[in-house]
Amino acid sequence: MSEPEKKSDVVRRLVREQDYRSALRIVKGFRLGISRDDLDAMRLAYECMVNPGFYRQLGRDPAAEIKRGIGVLVRLYGSEGR
């Protein structure tokens, strides 16, 4: 019987598939092994994806925040070596 896929492995697979929204939805709940700044960037990216109007009202640029968060996601989970 095979072991269930770890969440971090699911995130790596989703990043390979370029399904960033799903990957960010999972990773925003992670607590260990990620710096506060990186985690905040990924959480904000996901929130900007699901509610861009709200963040525009707050004076944020949702597209820029999403790009930044995806950059962090790919840096942390885009390589097979991690």
# chains A, B, ... in the order shown; residues from 1 in each chain; ligands from 1
call {"tool": "residues_around", "arguments": {"residues": "region 43-53 of chain A", "least_positions_apart": "6", "cutoff": "9 Å", "atoms": "only C-alpha atoms", "output": "VMD selection string"}}
result
chain A and resid 20 to 22 24 to 25 27 to 29 60 to 70
call {"tool": "select_by_dssp", "arguments": {"residues": "chain A", "states": "helix (DSSP H, G or I)", "output": "VMD selection string"}}
result
chain A and resid 7 to 16 20 to 27 36 to 50 52 to 57 62 to 77
call {"tool": "closest_residue", "arguments": {"among": "A:Asp38, A:Tyr77, A:Leu32, A:Phe54", "to": "Val10 (chain A)", "atoms": "only C-alpha atoms"}}
result
A:Tyr77
call {"tool": "atom_distance", "arguments": {"atom1": "CA of Asp9 (chain A)", "atom2": "CA of Gly71 (chain A)"}}
result
17.9 Å
call {"tool": "closest_residue", "arguments": {"among": "A:Arg56, A:Asp19, A:Leu73, A:Val11", "to": "Met42 (chain A)", "atoms": "only C-alpha atoms"}}
result
A:Leu73
call {"tool": "atom_distance", "arguments": {"atom1": "CA of Glu17 (chain A)", "atom2": "CA of Leu39 (chain A)"}}
result
20.9 Å
